[in-house]
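> First, the structure itself, so that you have it in front of you.
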Amino acid sequence: MQAYRASLLRFDAAGQPVFDEDGLLVVGPDADGRQRVQDAGDFATVAARHPGVAVTHWPGRILSPGFVDMHIHFPQTDIIGAPADGLLPWLENYTFPAESQFADPAHSAEVAEVFFDELLRNGVTTSLTFATSHPQSVQAFFEAARRRQLRMITGKVLQDRHSPDGVRDQTEQSLIDTESLIRQWHNVDRLGYAITPRFAPTSTDAQLRGAGELAAKYPDTWIHSHVAENKDEVKWARELFPQARSYLDVYAGFGLMRERAVYAHCIHFDDDDRRLMRETKTATAVSPTSNLFLGSGFFDFEGADRIGYRYGLASDVGGGTSFSPFATMLAAYYAGREGQTKPGVSIPPSQLWWRHTGGAARALGLDGVIGNLQPGCEADFVVIDPKATPLLARKTALANNLEELLFAMIVLGDDRLIERTVISQALAD
């Protein structure tokens with residue numbers, strides 16, 4: 001076993017923060033050799049339970065769960081910050097041309113390495129990730145993640161219509177490829193497969209039906225798509241699927257809403273949509289930097305909490321503008337405060353942090369596995385330097401409580417806060 005001494009942030013079962021200014025995190029292998037948290041808490045109390053354990057002391061640092069990004073596109077790494085008039089023009093002018101390059105295994109492998117370097121540099125230890133419609137992109141992603149011992153989820157994108165040459169797939173072959181990739185990669189080491197229709201307008205009924213059948217056949221896989229991001233997209237979906245009550249209801253009709261189903265955005269919802277999310281245990285990946293960048297709208301946090309369905313935070317790179325969880329949390333705070341198009345709320349800093357760690361893990365169906373530093377969780381965590389910049393050092397020193405400390409880091413922080421990211425005791429500086 002190995003122990004780490006520093007300030008320690010974790011969360012209780014209700015998502016409330018538990019903070020030890022002088023804490024001890026004890027990590028060791030389980031029966032299968034996977035590194036897990038064995039004990040955590042106040043230094044004096046935990047150290048007494050583990051006499052003789054080797055302790056690494058990181059004075060002035062904070063140990064926090066690794067961040068969980070609920071929705072990100074690894075093939076869009078190179079188009080982050082590309083200007084566009086909105087979602088649909090952005091897809092046409094930047095996204096689809098970039099993604100067409102992932103038919104090349106070498107290009108897929110190169111970008112996967114850059115992508116994981118960026119995630120780890122920013123303290124993100126798990127992501128639910130879009131690949132492209134090319135199986136090569138999925139192979140490259142999983143191979144790179146496996147080498148790094150990461151817990152990662154992805155899947156081949158399904159898009160058999162309303163897509164240009166180079167990214168459009170063939171209905172029957174797309175489903176054959178999906179099942180083959182599930183059998184090859186799902187639950188291998190720390191990897192998981194996500195059945196991934198791009199969004200309803202780019203899939204035929206036959207493809208969506210086939211995706212739903214695979215989701216039923218492999219119930220512990222994930223389902224990953226987009227819904228109700230922008231008003232033009234909502235209008236388009238209504239025209240293509242007139243029999244559905246709403247855009248979200250399209251997915252329900254094809255058996256694509258269940259536990260471990262995650263839909264990005266979910267902005268243009270009514271309460272019937274929110275209740276459908278709750279009843280099916282489907283989750284939202286809230287992507288505020290992307291929504292602000294593309295002018296899509298503001299996620300209704302009050303509506304989600306009032307109805308009571310699962311959600312967590314996501315970067316949505318490359319529509320999103322930063323790999324940094326601090327940028328995402330700050331944008332979520334801005335989106336929550338907006339009160340002209342929906343009720344405005346002020347989200348407590350600890351809840352922003354929870355929604356990007358343990359809350360996101362819970363929304364993914366991985367509660368107690370990742371996103372927390374309670375005993376039994378896999379030992380993915382970040383070492384944070386709250387004095388990483390002169391202004392941060394000044395501001396965090398003035399914090400009177402945990403909420404002020406966390407908020408200072410959310411507002412002023414970036415990748416410089418992450419001193420190191422620890423994956424099963426492997427250090428990535």
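FYI, nothing fancy with the structure tokens labels: chains A, B, ... in order, residues from 1 per chain, ligands from 1 as they appear.
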Would you list, as an NGL selection string, the residues of segment 213-320 of chain A that end up in helix (DSSP H, G or I) under DSSP run on this structure's backbone?
:A and (213-217 or 231-240 or 247-253 or 271-280 or 288-293 or 301-307)
> Would you export the selected residues with N, CA and C atoms as a short mmCIF file (atom, residue, chain, number, x, y, z; two decimals), in the first residue's frame, please?

```cif
data_model
loop_
_atom_site.label_atom_id
_atom_site.label_comp_id
_atom_site.auth_asym_id
_atom_site.auth_seq_id
_atom_site.Cartn_x
_atom_site.Cartn_y
_atom_site.Cartn_z
N GLU A 213 -31.75 -2.15 -30.62
CA GLU A 213 -31.67 -3.60 -30.44
C GLU A 213 -30.32 -4.00 -29.83
N LEU A 214 -29.25 -3.36 -30.26
CA LEU A 214 -27.95 -3.64 -29.65
C LEU A 214 -27.90 -3.18 -28.20
N ALA A 215 -28.54 -2.05 -27.92
CA ALA A 215 -28.58 -1.57 -26.54
C ALA A 215 -29.32 -2.54 -25.62
N ALA A 216 -30.35 -3.17 -26.15
CA ALA A 216 -31.08 -4.17 -25.36
C ALA A 216 -30.26 -5.45 -25.21
N LYS A 217 -29.54 -5.82 -26.25
CA LYS A 217 -28.75 -7.05 -26.23
C LYS A 217 -27.55 -6.92 -25.30
N LYS A 231 -32.18 25.36 -31.63
CA LYS A 231 -33.57 25.41 -32.10
C LYS A 231 -33.71 24.95 -33.54
N ASP A 232 -32.73 25.23 -34.39
CA ASP A 232 -32.79 24.75 -35.77
C ASP A 232 -32.76 23.22 -35.82
N GLU A 233 -31.94 22.65 -34.97
CA GLU A 233 -31.84 21.19 -34.90
C GLU A 233 -33.15 20.58 -34.40
N VAL A 234 -33.77 21.22 -33.40
CA VAL A 234 -35.05 20.74 -32.87
C VAL A 234 -36.12 20.77 -33.96
N LYS A 235 -36.15 21.86 -34.70
CA LYS A 235 -37.11 21.98 -35.80
C LYS A 235 -36.90 20.90 -36.84
N TRP A 236 -35.64 20.64 -37.19
CA TRP A 236 -35.29 19.62 -38.17
C TRP A 236 -35.74 18.24 -37.69
N ALA A 237 -35.48 17.92 -36.43
CA ALA A 237 -35.88 16.63 -35.87
C ALA A 237 -37.41 16.48 -35.90
N ARG A 238 -38.13 17.58 -35.63
CA ARG A 238 -39.59 17.52 -35.65
C ARG A 238 -40.10 17.20 -37.05
N GLU A 239 -39.45 17.77 -38.07
CA GLU A 239 -39.85 17.50 -39.45
C GLU A 239 -39.55 16.06 -39.87
N LEU A 240 -38.43 15.53 -39.39
CA LEU A 240 -38.02 14.19 -39.78
C LEU A 240 -38.78 13.09 -39.03
N TYR A 247 -38.36 15.89 -29.64
CA TYR A 247 -37.07 15.41 -30.13
C TYR A 247 -36.57 14.27 -29.24
N LEU A 248 -36.62 14.47 -27.93
CA LEU A 248 -36.17 13.42 -27.01
C LEU A 248 -36.98 12.14 -27.19
N ASP A 249 -38.26 12.28 -27.43
CA ASP A 249 -39.13 11.12 -27.56
C ASP A 249 -38.75 10.25 -28.76
N VAL A 250 -38.05 10.82 -29.73
CA VAL A 250 -37.56 10.02 -30.86
C VAL A 250 -36.70 8.87 -30.33
N TYR A 251 -35.78 9.19 -29.43
CA TYR A 251 -34.87 8.17 -28.89
C TYR A 251 -35.63 7.14 -28.06
N ALA A 252 -36.61 7.60 -27.30
CA ALA A 252 -37.41 6.65 -26.51
C ALA A 252 -38.11 5.65 -27.41
N GLY A 253 -38.60 6.12 -28.55
CA GLY A 253 -39.32 5.25 -29.47
C GLY A 253 -38.46 4.16 -30.08
N ASP A 271 -41.12 20.00 -19.26
CA ASP A 271 -41.13 19.11 -18.10
C ASP A 271 -41.46 17.67 -18.47
N ASP A 272 -42.22 17.45 -19.54
CA ASP A 272 -42.46 16.08 -19.97
C ASP A 272 -41.16 15.41 -20.40
N ASP A 273 -40.30 16.15 -21.08
CA ASP A 273 -38.99 15.62 -21.44
C ASP A 273 -38.18 15.30 -20.18
N ARG A 274 -38.21 16.21 -19.23
CA ARG A 274 -37.43 15.99 -18.00
C ARG A 274 -37.95 14.77 -17.24
N ARG A 275 -39.27 14.60 -17.21
CA ARG A 275 -39.82 13.42 -16.54
C ARG A 275 -39.43 12.14 -17.28
N LEU A 276 -39.39 12.19 -18.60
CA LEU A 276 -38.97 11.03 -19.38
C LEU A 276 -37.51 10.68 -19.05
N MET A 277 -36.66 11.68 -18.89
CA MET A 277 -35.28 11.43 -18.47
C MET A 277 -35.25 10.74 -17.12
N ARG A 278 -36.03 11.26 -16.18
CA ARG A 278 -36.04 10.68 -14.82
C ARG A 278 -36.56 9.25 -14.83
N GLU A 279 -37.67 9.02 -15.53
CA GLU A 279 -38.30 7.69 -15.50
C GLU A 279 -37.43 6.63 -16.15
N THR A 280 -36.64 7.02 -17.15
CA THR A 280 -35.81 6.05 -17.85
C THR A 280 -34.38 5.98 -17.29
N PRO A 288 -21.55 23.57 -21.07
CA PRO A 288 -21.80 25.02 -21.11
C PRO A 288 -20.84 25.82 -21.98
N THR A 289 -19.55 25.46 -22.07
CA THR A 289 -18.69 26.27 -22.94
C THR A 289 -19.09 26.11 -24.40
N SER A 290 -19.50 24.92 -24.77
CA SER A 290 -19.97 24.68 -26.13
C SER A 290 -21.26 25.44 -26.41
N ASN A 291 -22.18 25.40 -25.45
CA ASN A 291 -23.47 26.08 -25.64
C ASN A 291 -23.29 27.58 -25.76
N LEU A 292 -22.37 28.15 -25.01
CA LEU A 292 -22.09 29.58 -25.11
C LEU A 292 -21.39 29.89 -26.43
N PHE A 293 -20.43 29.06 -26.81
CA PHE A 293 -19.65 29.29 -28.03
C PHE A 293 -20.53 29.25 -29.28
N PHE A 301 -30.82 24.30 -15.05
CA PHE A 301 -30.45 23.54 -13.86
C PHE A 301 -31.62 23.44 -12.89
N GLU A 302 -32.39 24.53 -12.77
CA GLU A 302 -33.54 24.50 -11.86
C GLU A 302 -34.54 23.45 -12.30
N GLY A 303 -34.82 23.36 -13.59
CA GLY A 303 -35.76 22.37 -14.09
C GLY A 303 -35.28 20.96 -13.86
N ALA A 304 -33.99 20.73 -14.09
CA ALA A 304 -33.42 19.39 -13.87
C ALA A 304 -33.52 18.99 -12.41
N ASP A 305 -33.19 19.92 -11.50
CA ASP A 305 -33.24 19.60 -10.07
C ASP A 305 -34.68 19.47 -9.58
N ARG A 306 -35.57 20.28 -10.11
CA ARG A 306 -36.97 20.22 -9.68
C ARG A 306 -37.61 18.88 -10.06
N ILE A 307 -37.35 18.42 -11.27
CA ILE A 307 -37.89 17.13 -11.70
C ILE A 307 -37.07 15.98 -11.13
#
```
> Skipping near chain neighbours, those fewer than 5 positions away, what residues fall within 10 Å of Pro325 of chain A using only C-alpha atoms, listed as a list in words?
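Everything that qualifies: Phe67, Val68, Asp69, Leu119, Asn122, Gly123, Val124, Leu313, Ala314, Ser315, Leu330, Ala331, Leu352, Trp353, His356, Thr357, Ile410, Gly413, Asp414 and Asp415 of chain A.
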> Do you know which residues are at most 6 Å from Val18 of chain A counting only C-alpha atoms, after dropping those on the same chain fewer than 5 positions away, and could you put them as JSON, numbers by chain?
{"A": [9, 10, 11]}
> Filtering to C-alpha atoms, could you give me those residues as an mmCIF file, in the first residue's frame?

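Below is the file part_35.cif, written as the result:
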```cif
data_model
loop_
_atom_site.group_PDB
_atom_site.id
_atom_site.type_symbol
_atom_site.label_atom_id
_atom_site.label_comp_id
_atom_site.auth_asym_id
_atom_site.auth_seq_id
_atom_site.Cartn_x
_atom_site.Cartn_y
_atom_site.Cartn_z
ATOM 1 C CA LEU A 9 -11.490 16.527 -0.899
ATOM 2 C CA ARG A 10 -14.102 13.847 -1.366
ATOM 3 C CA PHE A 11 -17.911 13.598 -1.309
#
```
> Between atom CA of Ala194 of chain A and atom CA of Ile223 of chain A, what distance in Å does the model show, to one decimal?
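The value is 5.1 Å.
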> Which polymer residues have any atom within 10 Å of an atom of Gly60 of chain A, counting only C-alpha atoms, with same-chain residues fewer than 3 positions away left out, as a list in words?
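These residues fall inside the cut-off: Arg5, Ala6, Ser7, Glu21, Asp22, His57, Ile384, Asp385, Pro386 and Lys387 of chain A.
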> Residues within 9 Å of segment 398-408 of chain A, please, as a PyMOL selection string. Count only C-alpha atoms; anything in the same chain fewer than 3 positions from it doesn't count.
chain A and resi 17+19+330+348-350+353+386+392-395+411-413
> What's around segment 179-191 of chain A at 8 Å? Count only C-alpha atoms, leave out sequence neighbours fewer than 6 positions away in its own chain, and write the answer as number ranges by chain.
A: 135, 142, 145-146, 149-153, 155, 214, 221
> Output the selection as a short mmCIF file (atom, residue, chain, number, x, y, z; two decimals), in the first residue's frame - all heavy atoms for each residue.

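Result file again_37.cif:
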```
data_model
loop_
_atom_site.label_atom_id
_atom_site.label_comp_id
_atom_site.auth_asym_id
_atom_site.auth_seq_id
_atom_site.Cartn_x
_atom_site.Cartn_y
_atom_site.Cartn_z
N PRO A 135 -14.41 2.69 -37.85
CA PRO A 135 -13.94 1.79 -36.79
C PRO A 135 -12.48 2.04 -36.41
O PRO A 135 -12.10 1.81 -35.25
CB PRO A 135 -14.13 0.40 -37.42
CG PRO A 135 -15.24 0.57 -38.41
CD PRO A 135 -15.05 1.95 -38.97
N PHE A 142 -9.15 3.12 -28.11
CA PHE A 142 -9.08 2.08 -27.08
C PHE A 142 -7.64 1.58 -26.88
O PHE A 142 -7.22 1.31 -25.75
CB PHE A 142 -10.00 0.91 -27.43
CG PHE A 142 -11.44 1.13 -27.06
CD1 PHE A 142 -12.45 0.73 -27.93
CD2 PHE A 142 -11.80 1.71 -25.85
CE1 PHE A 142 -13.80 0.90 -27.59
CE2 PHE A 142 -13.14 1.89 -25.50
CZ PHE A 142 -14.14 1.48 -26.38
N ALA A 145 -5.87 4.24 -24.81
CA ALA A 145 -6.38 4.27 -23.44
C ALA A 145 -5.92 3.06 -22.65
O ALA A 145 -5.58 3.17 -21.46
CB ALA A 145 -7.90 4.33 -23.46
N ARG A 146 -5.90 1.91 -23.30
CA ARG A 146 -5.48 0.69 -22.60
C ARG A 146 -4.01 0.76 -22.20
O ARG A 146 -3.64 0.35 -21.10
CB ARG A 146 -5.74 -0.53 -23.48
CG ARG A 146 -5.58 -1.85 -22.75
CD ARG A 146 -5.85 -3.04 -23.65
NE ARG A 146 -5.93 -4.27 -22.91
CZ ARG A 146 -6.00 -5.48 -23.46
NH1 ARG A 146 -6.03 -5.59 -24.80
NH2 ARG A 146 -6.05 -6.57 -22.72
N GLN A 149 -3.73 2.67 -19.11
CA GLN A 149 -4.50 2.12 -17.99
C GLN A 149 -5.65 3.02 -17.57
O GLN A 149 -6.00 3.10 -16.38
CB GLN A 149 -3.58 1.84 -16.79
CG GLN A 149 -2.40 0.93 -17.09
CD GLN A 149 -1.49 0.79 -15.89
OE1 GLN A 149 -1.93 0.48 -14.80
NE2 GLN A 149 -0.20 1.05 -16.10
N LEU A 150 -6.26 3.68 -18.53
CA LEU A 150 -7.32 4.64 -18.23
C LEU A 150 -8.69 3.97 -18.27
O LEU A 150 -8.92 3.02 -19.01
CB LEU A 150 -7.30 5.78 -19.24
CG LEU A 150 -6.02 6.59 -19.31
CD1 LEU A 150 -6.09 7.59 -20.46
CD2 LEU A 150 -5.76 7.32 -17.99
N ARG A 151 -9.62 4.52 -17.48
CA ARG A 151 -11.03 4.14 -17.60
C ARG A 151 -11.67 5.10 -18.58
O ARG A 151 -11.89 6.27 -18.28
CB ARG A 151 -11.75 4.19 -16.24
CG ARG A 151 -13.22 3.82 -16.36
CD ARG A 151 -13.88 3.58 -15.02
NE ARG A 151 -13.48 2.31 -14.43
CZ ARG A 151 -13.93 1.11 -14.80
NH1 ARG A 151 -14.79 1.00 -15.80
NH2 ARG A 151 -13.52 0.02 -14.20
N MET A 152 -11.96 4.59 -19.78
CA MET A 152 -12.46 5.42 -20.87
C MET A 152 -13.59 4.70 -21.60
O MET A 152 -13.63 3.47 -21.65
CB MET A 152 -11.34 5.74 -21.86
CG MET A 152 -10.32 6.73 -21.35
SD MET A 152 -11.00 8.42 -21.33
CE MET A 152 -9.85 9.22 -20.21
N ILE A 153 -14.48 5.51 -22.20
CA ILE A 153 -15.64 4.99 -22.91
C ILE A 153 -15.74 5.68 -24.26
O ILE A 153 -15.65 6.91 -24.35
CB ILE A 153 -16.94 5.25 -22.11
CG1 ILE A 153 -16.82 4.76 -20.66
CG2 ILE A 153 -18.13 4.59 -22.79
CD1 ILE A 153 -17.89 5.31 -19.74
N GLY A 155 -17.25 4.91 -28.72
CA GLY A 155 -17.93 4.03 -29.65
C GLY A 155 -17.93 4.62 -31.04
O GLY A 155 -17.74 5.83 -31.24
N LEU A 214 -29.25 -3.36 -30.26
CA LEU A 214 -27.95 -3.64 -29.65
C LEU A 214 -27.90 -3.18 -28.20
O LEU A 214 -27.30 -3.84 -27.34
CB LEU A 214 -26.84 -2.94 -30.46
CG LEU A 214 -26.52 -3.56 -31.82
CD1 LEU A 214 -25.57 -2.66 -32.60
CD2 LEU A 214 -25.93 -4.96 -31.66
N THR A 221 -23.64 -1.75 -21.78
CA THR A 221 -22.98 -0.73 -22.59
C THR A 221 -23.61 0.62 -22.30
O THR A 221 -24.66 0.72 -21.67
CB THR A 221 -23.11 -1.03 -24.10
OG1 THR A 221 -24.50 -1.10 -24.43
CG2 THR A 221 -22.41 -2.32 -24.47
#
```
> Using only C-alpha atoms, which residues of segment 263-335 of chain A come within 9 Å of segment 363-367 of chain A, and what is the closest atom pair for each, with the distance in Å to one decimal? Give it as CSV, sorted by chain and residue number.

```
residue,atom,partner,partner_atom,distance
A:Lys281,CA,A:Ala363,CA,8.6
A:Thr282,CA,A:Ala363,CA,7.9
A:Ala283,CA,A:Ala363,CA,5.7
A:Thr284,CA,A:Ala363,CA,7.8
A:Ala285,CA,A:Ala363,CA,8.6
A:Tyr309,CA,A:Ala363,CA,9.0
A:Arg310,CA,A:Ala363,CA,5.3
A:Tyr311,CA,A:Ala363,CA,5.7
A:Gly312,CA,A:Ala363,CA,6.5
```
> Looking at A:Gly210, A:Pro201, A:Gly371, A:Pro343, which one is nearest to Phe241 of chain A, with distances taken over only C-alpha atoms?
A:Pro201
